[in-house]
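Engineer: mmCIF, C-alpha atoms, saved as coords28.cif, coming up:
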```cif
data_run
#
loop_
_atom_site.label_atom_id
_atom_site.label_comp_id
_atom_site.auth_asym_id
_atom_site.auth_seq_id
_atom_site.Cartn_x
_atom_site.Cartn_y
_atom_site.Cartn_z
CA MET A 132 2.70 28.20 10.26
CA THR A 133 5.29 29.63 12.66
CA MET A 134 5.99 26.19 14.13
CA THR A 135 6.58 24.79 10.62
CA VAL A 136 9.08 27.50 9.71
CA GLU A 137 10.93 27.05 12.99
CA ARG A 138 11.12 23.33 12.47
CA GLU A 139 12.48 23.73 8.96
CA ILE A 140 15.19 26.24 9.93
CA SER A 141 16.32 24.30 12.99
CA PRO A 142 19.96 23.18 13.11
CA TRP A 143 18.86 19.61 12.38
CA GLY A 144 16.97 20.73 9.27
CA VAL A 145 19.89 22.82 8.06
CA ALA A 146 22.24 19.88 8.58
CA GLN A 147 19.97 17.56 6.62
CA ARG A 148 19.79 19.94 3.67
CA ALA A 149 23.55 20.49 3.70
CA LEU A 150 24.27 16.77 3.83
CA VAL A 151 21.98 16.06 0.88
CA ALA A 152 23.74 18.76 -1.15
CA ILE A 153 27.14 17.32 -0.21
CA GLY A 154 25.89 13.84 -1.12
CA ALA A 155 24.97 15.05 -4.61
CA VAL A 156 28.42 16.55 -5.09
CA LEU A 157 30.01 13.32 -3.87
CA ALA A 158 27.94 11.25 -6.29
CA ILE A 159 28.86 13.47 -9.25
CA VAL A 160 32.56 13.58 -8.36
CA GLY A 161 32.51 9.82 -7.87
CA ALA A 162 30.93 9.41 -11.30
CA ALA A 163 33.70 11.51 -12.85
CA TRP A 164 36.30 9.34 -11.09
CA GLY A 165 34.53 6.21 -12.31
CA SER A 166 34.67 7.50 -15.88
CA GLY A 167 38.45 7.84 -15.70
CA ALA A 168 38.93 11.35 -14.30
CA PHE A 169 41.14 12.16 -11.28
CA GLY A 170 43.23 9.05 -11.88
CA GLY A 171 40.31 6.64 -11.76
CA THR A 172 39.85 3.65 -14.06
CA PRO A 173 36.79 3.62 -16.35
CA ILE A 174 34.27 1.13 -14.99
CA GLU A 175 34.34 -0.92 -18.21
CA GLU A 176 38.10 -1.42 -17.75
CA ALA A 177 38.10 -1.91 -13.97
CA ALA A 178 38.49 -5.41 -12.50
CA ASP A 179 39.79 -6.74 -15.84
CA GLY A 180 36.63 -5.73 -17.66
CA VAL A 181 34.24 -7.85 -15.61
CA LEU A 182 31.55 -5.14 -15.97
CA ALA A 183 32.25 -4.32 -19.63
CA SER A 184 29.40 -4.15 -22.14
CA ASP A 185 30.57 -7.37 -23.79
CA ALA A 186 31.33 -9.33 -20.59
CA THR A 187 28.02 -11.26 -20.32
CA LEU A 188 24.74 -11.82 -22.11
CA LEU A 189 23.01 -9.42 -19.69
CA ALA A 190 25.41 -6.50 -20.03
CA PRO A 191 23.80 -3.38 -21.56
CA ALA A 192 25.49 -1.93 -24.65
CA THR A 193 27.79 1.04 -23.98
CA PRO A 194 25.35 3.83 -25.04
CA ALA A 195 22.96 2.73 -22.26
CA PHE A 196 25.25 4.27 -19.65
CA GLY A 197 24.57 7.73 -21.03
CA VAL A 198 21.45 7.66 -18.85
CA TRP A 199 23.68 8.48 -15.89
CA SER A 200 23.94 12.10 -17.07
CA VAL A 201 20.13 12.40 -16.80
CA ILE A 202 20.06 10.74 -13.39
CA TYR A 203 22.82 12.94 -12.00
CA ALA A 204 21.13 16.05 -13.39
CA ALA A 205 17.86 15.07 -11.66
CA LEU A 206 19.69 14.40 -8.39
CA ALA A 207 21.47 17.76 -8.64
CA VAL A 208 18.14 19.57 -9.13
CA PHE A 209 16.71 17.70 -6.15
CA ALA A 210 19.71 18.67 -4.00
CA VAL A 211 19.39 22.34 -4.94
CA VAL A 212 15.61 22.59 -4.51
CA GLN A 213 15.54 20.72 -1.19
CA ALA A 214 18.09 23.24 0.15
CA LEU A 215 15.87 26.23 -0.65
CA PRO A 216 13.98 27.75 2.31
CA THR A 217 10.50 27.64 0.74
CA LEU A 218 10.40 24.97 -1.97
CA GLY A 219 12.63 22.71 0.08
CA SER A 220 10.08 22.66 2.91
CA SER A 221 7.73 20.42 0.93
CA PRO A 222 6.90 17.35 3.07
CA ARG A 223 7.33 15.24 -0.05
CA LEU A 224 10.95 16.38 -0.49
CA ARG A 225 11.78 16.21 3.19
CA GLY A 226 10.29 12.72 3.46
CA ILE A 227 12.75 11.23 0.95
CA ALA A 228 15.82 13.34 1.77
CA TRP A 229 17.57 10.68 3.86
CA PRO A 230 17.02 7.68 1.55
CA VAL A 231 18.05 9.70 -1.49
CA LEU A 232 21.17 10.84 0.37
CA ALA A 233 21.93 7.22 1.24
CA ALA A 234 21.54 6.17 -2.41
CA MET A 235 23.88 8.93 -3.59
CA VAL A 236 26.58 8.09 -1.04
CA LEU A 237 26.23 4.38 -1.80
CA ASN A 238 26.64 5.11 -5.50
CA ALA A 239 30.04 6.65 -4.79
CA ALA A 240 30.81 3.64 -2.60
CA TRP A 241 29.93 1.28 -5.47
CA ILE A 242 32.35 3.04 -7.78
CA TYR A 243 35.04 2.82 -5.10
CA VAL A 244 34.65 -0.91 -4.48
CA VAL A 245 34.65 -1.65 -8.22
CA GLN A 246 37.82 0.40 -8.61
CA ARG A 247 39.35 -1.69 -5.82
CA GLU A 248 38.09 -4.87 -7.55
CA TRP A 249 35.94 -5.90 -4.59
CA LEU A 250 33.33 -7.47 -6.82
CA ALA A 251 31.33 -9.31 -4.18
CA ALA A 252 31.04 -6.06 -2.22
CA SER A 253 29.73 -4.29 -5.34
CA VAL A 254 26.67 -6.57 -5.32
CA GLY A 255 25.96 -5.75 -1.68
CA VAL A 256 26.28 -2.02 -2.32
CA LEU A 257 23.88 -2.15 -5.26
CA ALA A 258 21.39 -4.10 -3.15
CA ALA A 259 21.62 -1.38 -0.50
CA ILE A 260 20.99 1.28 -3.16
CA LEU A 261 17.84 -0.56 -4.25
CA VAL A 262 16.64 -0.74 -0.64
CA ALA A 263 17.18 3.01 -0.16
CA LEU A 264 15.40 3.88 -3.41
CA GLY A 265 12.61 1.43 -2.71
CA PHE A 266 12.06 3.06 0.67
CA ALA A 267 11.96 6.49 -0.99
CA ALA A 268 9.48 5.27 -3.62
CA ALA A 269 7.27 3.73 -0.92
CA ARG A 270 7.14 7.06 0.87
CA LEU A 271 6.24 8.87 -2.34
CA CYS A 272 3.40 6.41 -2.94
CA ARG A 273 1.66 7.29 0.30
CA ALA A 274 -0.08 10.19 -1.42
CA ARG A 275 -0.37 11.78 -4.85
CA PRO A 276 1.95 14.78 -5.39
CA ALA A 277 0.35 18.19 -4.90
CA SER A 278 1.61 19.47 -8.25
CA PHE A 279 3.59 18.44 -11.29
CA LEU A 280 6.48 20.66 -10.16
CA VAL A 281 6.79 18.85 -6.83
CA ALA A 282 6.59 15.50 -8.62
CA ALA A 283 9.25 16.56 -11.13
CA VAL A 284 11.66 17.49 -8.34
CA SER A 285 10.97 14.61 -5.95
CA ASP A 286 9.50 11.68 -7.89
CA ALA A 287 11.54 11.98 -11.09
CA PRO A 288 15.01 11.51 -9.57
CA VAL A 289 13.84 8.56 -7.49
CA GLY A 290 12.11 6.93 -10.46
CA LEU A 291 15.00 7.47 -12.88
CA TYR A 292 17.51 6.11 -10.39
CA LEU A 293 15.30 3.17 -9.29
CA GLY A 294 14.64 1.91 -12.82
CA TRP A 295 18.27 2.03 -13.85
CA ALA A 296 19.53 0.58 -10.55
CA THR A 297 17.26 -2.43 -11.10
CA VAL A 298 18.86 -3.18 -14.47
CA ALA A 299 22.33 -2.42 -13.10
CA THR A 300 21.82 -4.88 -10.26
CA VAL A 301 20.81 -7.65 -12.66
CA ALA A 302 23.85 -6.94 -14.87
CA ASN A 303 26.19 -6.66 -11.87
CA ILE A 304 25.09 -9.93 -10.27
CA THR A 305 25.38 -11.71 -13.63
CA ALA A 306 28.87 -10.31 -14.22
CA VAL A 307 30.12 -11.31 -10.77
CA ALA A 308 28.61 -14.80 -11.10
CA ALA A 309 30.21 -15.27 -14.54
CA TRP A 310 33.56 -14.09 -13.19
CA TRP A 311 33.32 -16.41 -10.20
CA LEU A 312 32.37 -19.41 -12.37
CA GLY A 313 34.91 -18.57 -15.06
CA SER A 314 32.23 -18.56 -17.77
CA ASP A 315 32.71 -17.25 -21.29
CA PRO A 316 30.73 -14.12 -22.26
CA GLY A 317 28.28 -16.04 -24.44
CA ASP A 318 27.54 -18.82 -21.96
CA GLY A 319 24.25 -19.32 -20.12
CA MET A 320 21.58 -18.41 -22.67
CA PRO A 321 18.73 -20.26 -20.87
CA VAL A 322 19.65 -18.62 -17.56
CA ALA A 323 19.85 -15.18 -19.20
CA VAL A 324 16.39 -15.62 -20.73
CA GLY A 325 14.97 -16.70 -17.37
CA VAL A 326 16.51 -13.70 -15.62
CA LEU A 327 15.11 -11.33 -18.23
CA VAL A 328 11.61 -12.80 -17.93
CA ALA A 329 11.81 -12.48 -14.14
CA THR A 330 13.06 -8.90 -14.47
CA GLY A 331 10.18 -8.12 -16.80
CA PHE A 332 7.61 -9.42 -14.29
CA LEU A 333 9.38 -7.52 -11.50
CA GLY A 334 9.28 -4.33 -13.56
CA ILE A 335 5.58 -4.80 -14.30
CA ALA A 336 4.84 -5.20 -10.59
CA MET A 337 6.96 -2.16 -9.74
CA VAL A 338 5.37 0.27 -12.18
CA ARG A 339 1.88 -0.95 -11.29
CA ASP A 340 2.51 -0.26 -7.61
CA LEU A 341 4.02 3.15 -8.38
CA SER A 342 1.06 4.28 -10.49
CA ILE A 343 -0.30 6.58 -7.78
CA SER A 344 2.28 9.06 -9.10
CA PRO A 345 2.44 9.04 -12.92
CA VAL A 346 5.79 10.85 -12.83
CA LEU A 347 7.29 8.21 -10.53
CA ALA A 348 5.84 5.36 -12.59
CA TRP A 349 6.91 6.74 -15.96
CA THR A 350 10.43 7.74 -14.94
CA THR A 351 10.98 4.29 -13.42
CA THR A 352 9.62 2.76 -16.61
CA ALA A 353 11.83 4.96 -18.79
CA THR A 354 15.17 3.89 -17.32
CA LEU A 355 14.11 0.30 -16.68
CA ALA A 356 12.97 -0.14 -20.28
CA TRP A 357 16.01 1.81 -21.51
CA GLY A 358 18.42 -0.57 -19.80
CA LEU A 359 16.59 -3.69 -20.98
CA ALA A 360 16.36 -2.38 -24.54
CA TRP A 361 20.11 -1.76 -24.63
CA ILE A 362 20.73 -5.29 -23.37
CA GLY A 363 18.66 -6.38 -26.35
CA GLU A 364 20.57 -4.12 -28.72
CA GLY A 365 23.87 -5.45 -27.43
CA ARG A 366 22.85 -9.04 -28.06
CA LEU A 367 21.31 -8.40 -31.48
CA HIS A 368 24.04 -6.20 -32.93
CA GLY A 369 27.01 -6.50 -30.58
CA THR A 370 29.03 -9.14 -28.80
CA PRO A 371 28.33 -11.61 -27.39
CA GLU A 372 25.56 -12.07 -29.94
CA ASP A 373 22.42 -13.99 -29.03
CA THR A 374 19.14 -13.38 -30.86
CA ILE A 375 16.95 -15.14 -28.30
CA VAL A 376 18.34 -13.13 -25.38
CA GLY A 377 18.16 -9.93 -27.44
CA TRP A 378 14.48 -10.25 -28.32
CA THR A 379 13.59 -11.42 -24.82
CA ALA A 380 15.15 -8.25 -23.39
CA ILE A 381 13.30 -6.04 -25.85
CA GLY A 382 10.06 -7.89 -25.16
CA ALA A 383 10.47 -7.35 -21.42
CA ALA A 384 11.06 -3.63 -22.01
CA GLY A 385 7.96 -3.39 -24.19
CA ALA A 386 5.81 -5.23 -21.65
CA ILE A 387 6.82 -2.80 -18.90
CA VAL A 388 6.04 0.24 -21.05
CA LEU A 389 2.66 -1.22 -22.05
CA THR A 390 1.81 -1.94 -18.41
CA THR A 391 2.59 1.63 -17.40
CA ALA A 392 0.50 3.03 -20.24
CA VAL A 393 -2.51 0.85 -19.38
CA THR A 394 -2.16 1.56 -15.66
CA THR A 395 -1.90 5.31 -16.26
CA VAL A 396 -5.09 5.33 -18.31
CA ALA A 397 -6.92 3.16 -15.77
CA THR A 398 -5.83 5.40 -12.91
CA HIS A 399 -6.93 8.52 -14.79
CA VAL A 400 -10.34 6.98 -15.49
CA ARG A 401 -10.78 6.10 -11.80
CA VAL A 402 -9.90 9.66 -10.79
CA LEU A 403 -12.39 11.10 -13.27
CA ARG A 404 -15.13 8.76 -12.04
CA TRP A 405 -14.41 9.66 -8.44
CA ALA A 406 -14.51 13.39 -9.25
CA ARG A 407 -17.81 12.98 -11.10
CA HIS A 408 -19.24 11.00 -8.21
CA GLN A 409 -18.20 13.76 -5.78
CA ARG A 410 -19.88 16.40 -7.94
CA GLU A 411 -23.07 14.40 -8.13
CA ARG A 412 -23.13 13.97 -4.37
CA GLY A 413 -22.47 17.66 -3.85
#
```
Let me see the structure of the file written as structure tokens.
Structural biologist:
Amino acid sequence: MTMTVEREISPWGVAQRALVAIGAVLAIVGAAWGSGAFGGTPIEEAADGVLASDATLLAPATPAFGVWSVIYAALAVFAVVQALPTLGSSPRLRGIAWPVLAAMVLNAAWIYVVQREWLAASVGVLAAILVALGFAAARLCRARPASFLVAAVSDAPVGLYLGWATVATVANITAVAAWWLGSDPGDGMPVAVGVLVATGFLGIAMVRDLSISPVLAWTTTATLAWGLAWIGEGRLHGTPEDTIVGWTAIGAAGAIVLTTAVTTVATHVRVLRWARHQRERG
């Protein structure tokens, strides 16, 4: 026990905790700048509206971006708890501290490059965010969380951020491609449908693999389905309007939610069977 405490209060450990806290502040300040505060340009208006909610068939409707307040709140809680002497010593929190820090810093970097209209760079930054969050999720999947509290602090922010970042990457790549090709907002319906189907299958694979932690699986599902559903809403009731794309997006969201529900039940049944088997052997 003494060795663990000494390791956690070492200068390196203190530096890690401080950097994660600073990263959270940077991400939140960057978000404020990206919303128009501190002289920044709102993301929807930056780069001549390339990333606006009506720029392409795969752009989520404006209300979808309200999810950022939930993601930032979860990241702020993570940053605070991981800095605490006792709760922050959880191996689960410490194991994802660096990748979560990287994702937060990269998020601020994404806002910066969009503000500077470096659109190609924005795709690379989002890809790096996905890599960091994927690495964090992989670490969380090595073992089930010890308690719901630990999962809420560690798994929830990663899941919420991962699900939304997946949708954001799809929308960002589409927007940059449309800008580069000079396409009109309503162009490319067959391609949009294909991308949504692929995203749906990707989401199904993701939540299935994350099922070892129900909190991680469900939070990823929540923001992934949220983003897809708002793409659907934007196409059914907004501009550019496209019924086929709209219902495909909603169908993909529903398929992901259904997969998570079935996987959660199946996992619970396996756990109950294993526990019963252990009791019978004992």
Engineer: Applied to this file, what does the PyMOL selection byres ((chain A and resi 225-236) around 10) return in terms of residues, put as a ChimeraX atom specification?
Structural biologist: /A:139,144,147-148,150-159,161,203,206,209-210,213-214,219-224,237-241,256-257,259-271,285-286,288-289,292-293
Engineer: Could you list the residues chosen by the PyMOL selection byres ((chain A and resi 339) around 8) in this structure as a list in words?
Structural biologist: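 Matching residues under the PyMOL selection byres ((chain A and resi 339) around 8) are Ile335, Ala336, Met337, Val338, Asp340, Leu341, Ser342, Ala348, Thr390, Thr391 and Thr394 of chain A.
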Engineer: Go through segment 167-253 of chain A and flag each residue having an atom no more than 12 Å from segment 370-373 of chain A; for those, report the closest pair of atoms plus their distance in Å to one decimal, using only C-alpha atoms, ordered by chain and rising number, as a Markdown table.
Structural biologist:
```
| residue | atom | partner | partner_atom | distance |
| --- | --- | --- | --- | --- |
| A:Ala183 | CA | A:Thr370 | CA | 10.8 |
| A:Ser184 | CA | A:Thr370 | CA | 8.3 |
| A:Asp185 | CA | A:Thr370 | CA | 5.5 |
| A:Ala186 | CA | A:Pro371 | CA | 7.8 |
| A:Thr187 | CA | A:Pro371 | CA | 7.1 |
| A:Leu188 | CA | A:Pro371 | CA | 6.4 |
| A:Leu189 | CA | A:Pro371 | CA | 9.6 |
| A:Ala190 | CA | A:Pro371 | CA | 9.4 |
| A:Pro191 | CA | A:Thr370 | CA | 10.6 |
| A:Ala192 | CA | A:Thr370 | CA | 9.0 |
| A:Thr193 | CA | A:Thr370 | CA | 11.3 |
```
Engineer: Ranking A:Val396, A:Trp199, A:Leu327, A:Ile343 by minimum distance to Trp378 of chain A and counting all atoms listed in the file, which one comes first?
Structural biologist: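 Between A:Val396, A:Trp199, A:Leu327, A:Ile343, the residue approaching Trp378 of chain A most closely is A:Leu327.
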Engineer: Could you tell me how far atom CA of Val211 of chain A sits from atom CA of Ser166 of chain A, in Å to one decimal place?
Structural biologist: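 Distance between the two atoms: 23.9 Å.
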Engineer: Which of these, A:Leu280, A:Ala178, A:Ala360, A:Ser344, has the shortest distance to Trp249 of chain A once you count only C-alpha atoms?
Structural biologist: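 So, comparing all the options, the nearest one is A:Ala178.
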Engineer: Counting all atoms listed in the file, which of A:Ala308, A:Ile242, A:Val212, A:Leu182 gets nearest to Trp164 of chain A?
Structural biologist: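 Closest to Trp164 of chain A of all the choices is A:Ile242.
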Engineer: Please evaluate the PyMOL selection byres ((chain A and resi 328-333) around 12) against the structure above and give the resulting residues as a ChimeraX atom specification.
Structural biologist: /A:189,294,297-302,321-327,334-340,352,355-356,358-360,375-390
Engineer: Restricting the output to C-alpha atoms, write the selected residues as a short mmCIF file (atom, residue, chain, number, x, y, z; two decimals), in the coordinates of the input.
Structural biologist:
```cif
data_model
loop_
_atom_site.label_atom_id
_atom_site.label_comp_id
_atom_site.auth_asym_id
_atom_site.auth_seq_id
_atom_site.Cartn_x
_atom_site.Cartn_y
_atom_site.Cartn_z
CA LEU A 189 23.01 -9.42 -19.69
CA GLY A 294 14.64 1.91 -12.82
CA THR A 297 17.26 -2.43 -11.10
CA VAL A 298 18.86 -3.18 -14.47
CA ALA A 299 22.33 -2.42 -13.10
CA THR A 300 21.82 -4.88 -10.26
CA VAL A 301 20.81 -7.65 -12.66
CA ALA A 302 23.85 -6.94 -14.87
CA PRO A 321 18.73 -20.26 -20.87
CA VAL A 322 19.65 -18.62 -17.56
CA ALA A 323 19.85 -15.18 -19.20
CA VAL A 324 16.39 -15.62 -20.73
CA GLY A 325 14.97 -16.70 -17.37
CA VAL A 326 16.51 -13.70 -15.62
CA LEU A 327 15.11 -11.33 -18.23
CA GLY A 334 9.28 -4.33 -13.56
CA ILE A 335 5.58 -4.80 -14.30
CA ALA A 336 4.84 -5.20 -10.59
CA MET A 337 6.96 -2.16 -9.74
CA VAL A 338 5.37 0.27 -12.18
CA ARG A 339 1.88 -0.95 -11.29
CA ASP A 340 2.51 -0.26 -7.61
CA THR A 352 9.62 2.76 -16.61
CA LEU A 355 14.11 0.30 -16.68
CA ALA A 356 12.97 -0.14 -20.28
CA GLY A 358 18.42 -0.57 -19.80
CA LEU A 359 16.59 -3.69 -20.98
CA ALA A 360 16.36 -2.38 -24.54
CA ILE A 375 16.95 -15.14 -28.30
CA VAL A 376 18.34 -13.13 -25.38
CA GLY A 377 18.16 -9.93 -27.44
CA TRP A 378 14.48 -10.25 -28.32
CA THR A 379 13.59 -11.42 -24.82
CA ALA A 380 15.15 -8.25 -23.39
CA ILE A 381 13.30 -6.04 -25.85
CA GLY A 382 10.06 -7.89 -25.16
CA ALA A 383 10.47 -7.35 -21.42
CA ALA A 384 11.06 -3.63 -22.01
CA GLY A 385 7.96 -3.39 -24.19
CA ALA A 386 5.81 -5.23 -21.65
CA ILE A 387 6.82 -2.80 -18.90
CA VAL A 388 6.04 0.24 -21.05
CA LEU A 389 2.66 -1.22 -22.05
CA THR A 390 1.81 -1.94 -18.41
#
```
Engineer: Provide the atom CA of Trp310 of chain A to atom CA of Glu248 of chain A distance in Å, to one decimal place.
Structural biologist: 11.7 Å
Engineer: How many Å separate atom CA of Thr305 of chain A from atom CA of Ala205 of chain A?
Structural biologist: 27.9 Å
Engineer: With 3 Å on each side, where is the centre of the axis-aligned box around all listed atoms of segment 393-401 of chain A, and how long are its edges in Å to one decimal, as AutoDock Vina command-line options?
Structural biologist:
```
--center_x -6.3 --center_y 4.7 --center_z -15.6 --size_x 14.9 --size_y 13.7 --size_z 13.6
```
Engineer: Closest to Ser278 of chain A among A:Ala177, A:Val160, A:Val346, A:Val208, using all atoms listed in the file?
Structural biologist: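 Of the candidates, the smallest distance to Ser278 of chain A is held by A:Val346.
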Engineer: Please rebuild segment 195-223 of chain A with N, CA and C atoms and give the result as a PDB file, in the frame of the given file.
Structural biologist:
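What landed in out_4.pdb:
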```pdb
ATOM      1  N   ALA A 195      23.956   2.748 -23.338  1.00  0.00           N
ATOM      2  CA  ALA A 195      22.960   2.730 -22.260  1.00  0.00           C
ATOM      3  C   ALA A 195      23.420   3.563 -21.073  1.00  0.00           C
ATOM      4  N   PHE A 196      24.733   3.603 -20.843  1.00  0.00           N
ATOM      5  CA  PHE A 196      25.250   4.270 -19.650  1.00  0.00           C
ATOM      6  C   PHE A 196      25.183   5.794 -19.745  1.00  0.00           C
ATOM      7  N   GLY A 197      24.805   6.300 -20.904  1.00  0.00           N
ATOM      8  CA  GLY A 197      24.570   7.730 -21.030  1.00  0.00           C
ATOM      9  C   GLY A 197      23.425   8.225 -20.169  1.00  0.00           C
ATOM     10  N   VAL A 198      22.574   7.287 -19.708  1.00  0.00           N
ATOM     11  CA  VAL A 198      21.450   7.660 -18.850  1.00  0.00           C
ATOM     12  C   VAL A 198      21.927   8.253 -17.533  1.00  0.00           C
ATOM     13  N   TRP A 199      23.165   7.948 -17.145  1.00  0.00           N
ATOM     14  CA  TRP A 199      23.680   8.480 -15.890  1.00  0.00           C
ATOM     15  C   TRP A 199      23.685  10.010 -15.884  1.00  0.00           C
ATOM     16  N   SER A 200      23.929  10.633 -17.034  1.00  0.00           N
ATOM     17  CA  SER A 200      23.940  12.100 -17.070  1.00  0.00           C
ATOM     18  C   SER A 200      22.565  12.655 -16.717  1.00  0.00           C
ATOM     19  N   VAL A 201      21.501  11.967 -17.131  1.00  0.00           N
ATOM     20  CA  VAL A 201      20.130  12.400 -16.800  1.00  0.00           C
ATOM     21  C   VAL A 201      19.860  12.183 -15.324  1.00  0.00           C
ATOM     22  N   ILE A 202      20.288  11.037 -14.800  1.00  0.00           N
ATOM     23  CA  ILE A 202      20.060  10.740 -13.390  1.00  0.00           C
ATOM     24  C   ILE A 202      20.790  11.724 -12.493  1.00  0.00           C
ATOM     25  N   TYR A 203      22.059  11.999 -12.815  1.00  0.00           N
ATOM     26  CA  TYR A 203      22.820  12.940 -12.000  1.00  0.00           C
ATOM     27  C   TYR A 203      22.248  14.352 -12.083  1.00  0.00           C
ATOM     28  N   ALA A 204      21.753  14.731 -13.261  1.00  0.00           N
ATOM     29  CA  ALA A 204      21.130  16.050 -13.390  1.00  0.00           C
ATOM     30  C   ALA A 204      19.882  16.143 -12.507  1.00  0.00           C
ATOM     31  N   ALA A 205      19.070  15.078 -12.491  1.00  0.00           N
ATOM     32  CA  ALA A 205      17.860  15.070 -11.660  1.00  0.00           C
ATOM     33  C   ALA A 205      18.220  15.109 -10.177  1.00  0.00           C
ATOM     34  N   LEU A 206      19.256  14.380  -9.785  1.00  0.00           N
ATOM     35  CA  LEU A 206      19.690  14.400  -8.390  1.00  0.00           C
ATOM     36  C   LEU A 206      20.236  15.769  -8.000  1.00  0.00           C
ATOM     37  N   ALA A 207      20.937  16.428  -8.924  1.00  0.00           N
ATOM     38  CA  ALA A 207      21.470  17.760  -8.640  1.00  0.00           C
ATOM     39  C   ALA A 207      20.336  18.763  -8.441  1.00  0.00           C
ATOM     40  N   VAL A 208      19.303  18.676  -9.286  1.00  0.00           N
ATOM     41  CA  VAL A 208      18.140  19.570  -9.130  1.00  0.00           C
ATOM     42  C   VAL A 208      17.471  19.307  -7.788  1.00  0.00           C
ATOM     43  N   PHE A 209      17.309  18.040  -7.441  1.00  0.00           N
ATOM     44  CA  PHE A 209      16.710  17.700  -6.150  1.00  0.00           C
ATOM     45  C   PHE A 209      17.523  18.298  -5.004  1.00  0.00           C
ATOM     46  N   ALA A 210      18.847  18.163  -5.064  1.00  0.00           N
ATOM     47  CA  ALA A 210      19.710  18.670  -4.000  1.00  0.00           C
ATOM     48  C   ALA A 210      19.602  20.179  -3.855  1.00  0.00           C
ATOM     49  N   VAL A 211      19.496  20.880  -4.982  1.00  0.00           N
ATOM     50  CA  VAL A 211      19.390  22.340  -4.940  1.00  0.00           C
ATOM     51  C   VAL A 211      18.036  22.768  -4.388  1.00  0.00           C
ATOM     52  N   VAL A 212      16.960  22.175  -4.926  1.00  0.00           N
ATOM     53  CA  VAL A 212      15.610  22.590  -4.510  1.00  0.00           C
ATOM     54  C   VAL A 212      15.354  22.261  -3.050  1.00  0.00           C
ATOM     55  N   GLN A 213      15.796  21.084  -2.581  1.00  0.00           N
ATOM     56  CA  GLN A 213      15.540  20.720  -1.190  1.00  0.00           C
ATOM     57  C   GLN A 213      16.313  21.620  -0.213  1.00  0.00           C
ATOM     58  N   ALA A 214      17.328  22.332  -0.713  1.00  0.00           N
ATOM     59  CA  ALA A 214      18.090  23.240   0.150  1.00  0.00           C
ATOM     60  C   ALA A 214      17.481  24.635   0.220  1.00  0.00           C
ATOM     61  N   LEU A 215      16.504  24.917  -0.654  1.00  0.00           N
ATOM     62  CA  LEU A 215      15.870  26.230  -0.650  1.00  0.00           C
ATOM     63  C   LEU A 215      14.910  26.371   0.524  1.00  0.00           C
ATOM     64  N   PRO A 216      14.823  27.568   1.112  1.00  0.00           N
ATOM     65  CA  PRO A 216      13.980  27.750   2.310  1.00  0.00           C
ATOM     66  C   PRO A 216      12.507  27.424   2.100  1.00  0.00           C
ATOM     67  N   THR A 217      11.935  27.818   0.956  1.00  0.00           N
ATOM     68  CA  THR A 217      10.500  27.640   0.740  1.00  0.00           C
ATOM     69  C   THR A 217      10.181  26.338   0.021  1.00  0.00           C
ATOM     70  N   LEU A 218      10.690  26.178  -1.196  1.00  0.00           N
ATOM     71  CA  LEU A 218      10.400  24.970  -1.970  1.00  0.00           C
ATOM     72  C   LEU A 218      10.917  23.724  -1.267  1.00  0.00           C
ATOM     73  N   GLY A 219      12.044  23.860  -0.597  1.00  0.00           N
ATOM     74  CA  GLY A 219      12.630  22.710   0.080  1.00  0.00           C
ATOM     75  C   GLY A 219      11.867  22.251   1.297  1.00  0.00           C
ATOM     76  N   SER A 220      10.869  23.029   1.727  1.00  0.00           N
ATOM     77  CA  SER A 220      10.080  22.660   2.910  1.00  0.00           C
ATOM     78  C   SER A 220       8.941  21.701   2.587  1.00  0.00           C
ATOM     79  N   SER A 221       8.788  21.347   1.310  1.00  0.00           N
ATOM     80  CA  SER A 221       7.730  20.420   0.930  1.00  0.00           C
ATOM     81  C   SER A 221       7.881  19.098   1.688  1.00  0.00           C
ATOM     82  N   PRO A 222       6.823  18.632   2.353  1.00  0.00           N
ATOM     83  CA  PRO A 222       6.900  17.350   3.070  1.00  0.00           C
ATOM     84  C   PRO A 222       7.321  16.203   2.163  1.00  0.00           C
ATOM     85  N   ARG A 223       6.975  16.287   0.890  1.00  0.00           N
ATOM     86  CA  ARG A 223       7.330  15.240  -0.050  1.00  0.00           C
ATOM     87  C   ARG A 223       8.852  15.171  -0.246  1.00  0.00           C
TER      88      ARG A 223
END
```
